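Worksheet for the structure shown next.
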Amino acid sequence: MAPKTTRLVLIVAAFVAGIASVFGVIFVVGKPQAGPMGAAAIGGPFRLIDQDGRPFADTDVKGEPFLVFFGFTHCPDACPTTLLELSDMLDKLGSDANKVRVLFITLDPERDNPETLKDYLSAFNSRVVGLTGDLPTVTMVARAYHVYFKKVPLEGGDYTMDHTAIVYLMNKDGRFVTPFSLRRSAQDAADDLRRFL
């Protein structure tokens with residue numbers, strides 16, 4: 001298969017997977033699972049490593065709302081675009097940005113060690129925390145958030161990651177609220193987020 005054709009197939013596959021994951025989250029949100037107060041079963045406890053090499057757990061964000069986005073540092077478009085949009089939104093929050101955290105959890109721990117995450121995230125708002133761990137742990141966290149991801153081989157022995165590209169808004173108790181839309185101005189997103197601070 002020609003390189004251009006391979007790339008087109010990967011882009012189409014990623015788009016279809018993204019659409020499927022959005023409907024999957026909507027389905028889960030629309031039909032809450034058994035849990036406290038009928039809350040949707042998205043999210044849960046985790047223990048990972050941050051970009052400074054320190055342990056980071058769900059308890060480290062207890063008491064403040066947080067946004068969660070899964071991706072990887074070699075992502076060509078969706079991940080840097082989303083992180084830039086989140087950074088712009090945090091800038092618009094001003095001092096209120098100190099009341100919320102953004103978690104970027106890698107789906108590619110094979111390449112994304114703490115040092116790589118730290119270098120990558122230096123281009124974004126400092127409130128974005130990069131998290132990694134071993135593959136079984138990352139997989140467990142991804143499953144808790146109903147995140148689809150798959151390693152996709154490329155020519156020459158390289159690979160990319162096909163994955164869900166949703167930003168999850170979690171409340172102060174660590175419970176899922178809603179997929180957080182960035183398809184609006186950074187100011188509108190910031191104003192919306194302020195309701196949960």
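Ligands are numbered from 1 in the order shown, chains are lettered A, B, ... in the order of the structure tokens, and residues start at 1 in each chain.
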
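The list of residues with at least one atom within 9 Å of Pro114 of chain A, based on only C-alpha atoms and without residues fewer than 3 positions apart in the same chain, reads Ile49, Asp50, Gln51, Asp52, Gly53, Arg54, Leu117, Lys118, Asp119, Gly130, Leu131, Thr132 and Gly133 of chain A.
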
Determine, for each residue of segment 88-129 of chain A having at least one atom at most 7 Å from an atom of segment 170-190 of chain A, the closest pair of atoms and their separation in Å to one decimal, counting only C-alpha atoms; order by chain and ascending number, as CSV.
residue,atom,partner,partner_atom,distance
A:Asp88,CA,A:Ala186,CA,5.8
A:Met89,CA,A:Ala186,CA,4.5
A:Leu90,CA,A:Ala190,CA,7.0
A:Lys92,CA,A:Gln187,CA,5.8
A:Leu93,CA,A:Ala190,CA,5.6

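The protein and nucleic acid residues lying at most 10 Å from Ala144 of chain A are Ala41, Ile42, Gly43, Gly44, Pro45, Phe46 and Val138 of chain A, with only C-alpha atoms considered and sequence neighbours fewer than 6 positions away removed.
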
Q) Residues at most 10 Å from Ser87 of chain A, counting only C-alpha atoms, excluding those fewer than 6 positions away in the same chain, as a PyMOL selection string? A) chain A and resi 81+93+97+102+123-128+186

Same residues, N, CA and C atoms, saved as a PDB file, in the first residue's frame:
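Below is the file that was written, again.pdb:
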ATOM      1  N   THR A  81      -3.459  19.972  19.485  1.00  0.00           N
ATOM      2  CA  THR A  81      -4.552  20.936  19.297  1.00  0.00           C
ATOM      3  C   THR A  81      -5.394  21.035  20.556  1.00  0.00           C
ATOM      4  N   LEU A  93      -9.141  31.802  32.236  1.00  0.00           N
ATOM      5  CA  LEU A  93      -9.665  31.678  33.603  1.00  0.00           C
ATOM      6  C   LEU A  93      -8.972  32.638  34.562  1.00  0.00           C
ATOM      7  N   ALA A  97      -7.793  29.728  37.382  1.00  0.00           N
ATOM      8  CA  ALA A  97      -7.096  28.543  36.866  1.00  0.00           C
ATOM      9  C   ALA A  97      -6.455  27.742  37.992  1.00  0.00           C
ATOM     10  N   VAL A 102      -5.737  20.129  34.837  1.00  0.00           N
ATOM     11  CA  VAL A 102      -5.908  19.395  33.585  1.00  0.00           C
ATOM     12  C   VAL A 102      -4.916  18.233  33.604  1.00  0.00           C
ATOM     13  N   ALA A 123       5.415  23.324  26.412  1.00  0.00           N
ATOM     14  CA  ALA A 123       4.826  24.251  25.436  1.00  0.00           C
ATOM     15  C   ALA A 123       3.406  24.673  25.813  1.00  0.00           C
ATOM     16  N   PHE A 124       2.872  24.090  26.915  1.00  0.00           N
ATOM     17  CA  PHE A 124       1.482  24.353  27.270  1.00  0.00           C
ATOM     18  C   PHE A 124       1.384  24.966  28.670  1.00  0.00           C
ATOM     19  N   ASN A 125       0.171  25.277  29.094  1.00  0.00           N
ATOM     20  CA  ASN A 125      -0.063  25.881  30.402  1.00  0.00           C
ATOM     21  C   ASN A 125       0.484  24.985  31.513  1.00  0.00           C
ATOM     22  N   SER A 126       1.071  25.593  32.521  1.00  0.00           N
ATOM     23  CA  SER A 126       1.710  24.833  33.603  1.00  0.00           C
ATOM     24  C   SER A 126       0.714  24.073  34.471  1.00  0.00           C
ATOM     25  N   ARG A 127      -0.583  24.348  34.327  1.00  0.00           N
ATOM     26  CA  ARG A 127      -1.596  23.607  35.092  1.00  0.00           C
ATOM     27  C   ARG A 127      -1.896  22.253  34.463  1.00  0.00           C
ATOM     28  N   VAL A 128      -1.296  21.974  33.315  1.00  0.00           N
ATOM     29  CA  VAL A 128      -1.476  20.661  32.675  1.00  0.00           C
ATOM     30  C   VAL A 128      -0.463  19.698  33.275  1.00  0.00           C
ATOM     31  N   ALA A 186     -12.236  30.104  23.621  1.00  0.00           N
ATOM     32  CA  ALA A 186     -11.591  29.815  24.902  1.00  0.00           C
ATOM     33  C   ALA A 186     -12.302  30.540  26.040  1.00  0.00           C
TER      34      ALA A 186
END

Q. When DSSP works through the backbone of this structure, what residues of segment 22-162 of chain A end up as alpha helix (DSSP H), shown as a VMD selection string?
A. chain A and resid 22 to 30 78 to 93 114 to 121 135 to 144

Q) Excluding same-chain residues fewer than 5 positions from Asp158 of chain A, what lies within 12 Å of it counting only C-alpha atoms, as a PyMOL selection string? A) chain A and resi 74+111+151-153

Selection file, N, CA and C atoms, as a PDB file, in the first residue's frame:
ATOM      1  N   HIS A  74       3.564  11.721  20.564  1.00  0.00           N
ATOM      2  CA  HIS A  74       3.864  11.622  19.133  1.00  0.00           C
ATOM      3  C   HIS A  74       2.614  11.861  18.277  1.00  0.00           C
ATOM      4  N   ARG A 111       6.872   5.038  24.983  1.00  0.00           N
ATOM      5  CA  ARG A 111       7.701   6.168  24.564  1.00  0.00           C
ATOM      6  C   ARG A 111       7.590   7.359  25.512  1.00  0.00           C
ATOM      7  N   LYS A 151      -2.522   0.419  19.320  1.00  0.00           N
ATOM      8  CA  LYS A 151      -1.280   0.705  18.619  1.00  0.00           C
ATOM      9  C   LYS A 151      -1.470   0.346  17.142  1.00  0.00           C
ATOM     10  N   VAL A 152      -1.102   1.260  16.256  1.00  0.00           N
ATOM     11  CA  VAL A 152      -1.252   1.055  14.812  1.00  0.00           C
ATOM     12  C   VAL A 152       0.131   1.096  14.166  1.00  0.00           C
ATOM     13  N   PRO A 153       0.617  -0.047  13.657  1.00  0.00           N
ATOM     14  CA  PRO A 153       1.944  -0.080  13.032  1.00  0.00           C
ATOM     15  C   PRO A 153       2.002   0.798  11.785  1.00  0.00           C
TER      16      PRO A 153
END

**Q.** Selected residue of minimal separation from Leu169 of chain A among A:Leu67, A:Leu197, A:Val129, A:Val100, counting only C-alpha atoms
**A.**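 Using only C-alpha atoms, the shortest distance to Leu169 of chain A belongs to A:Leu67.
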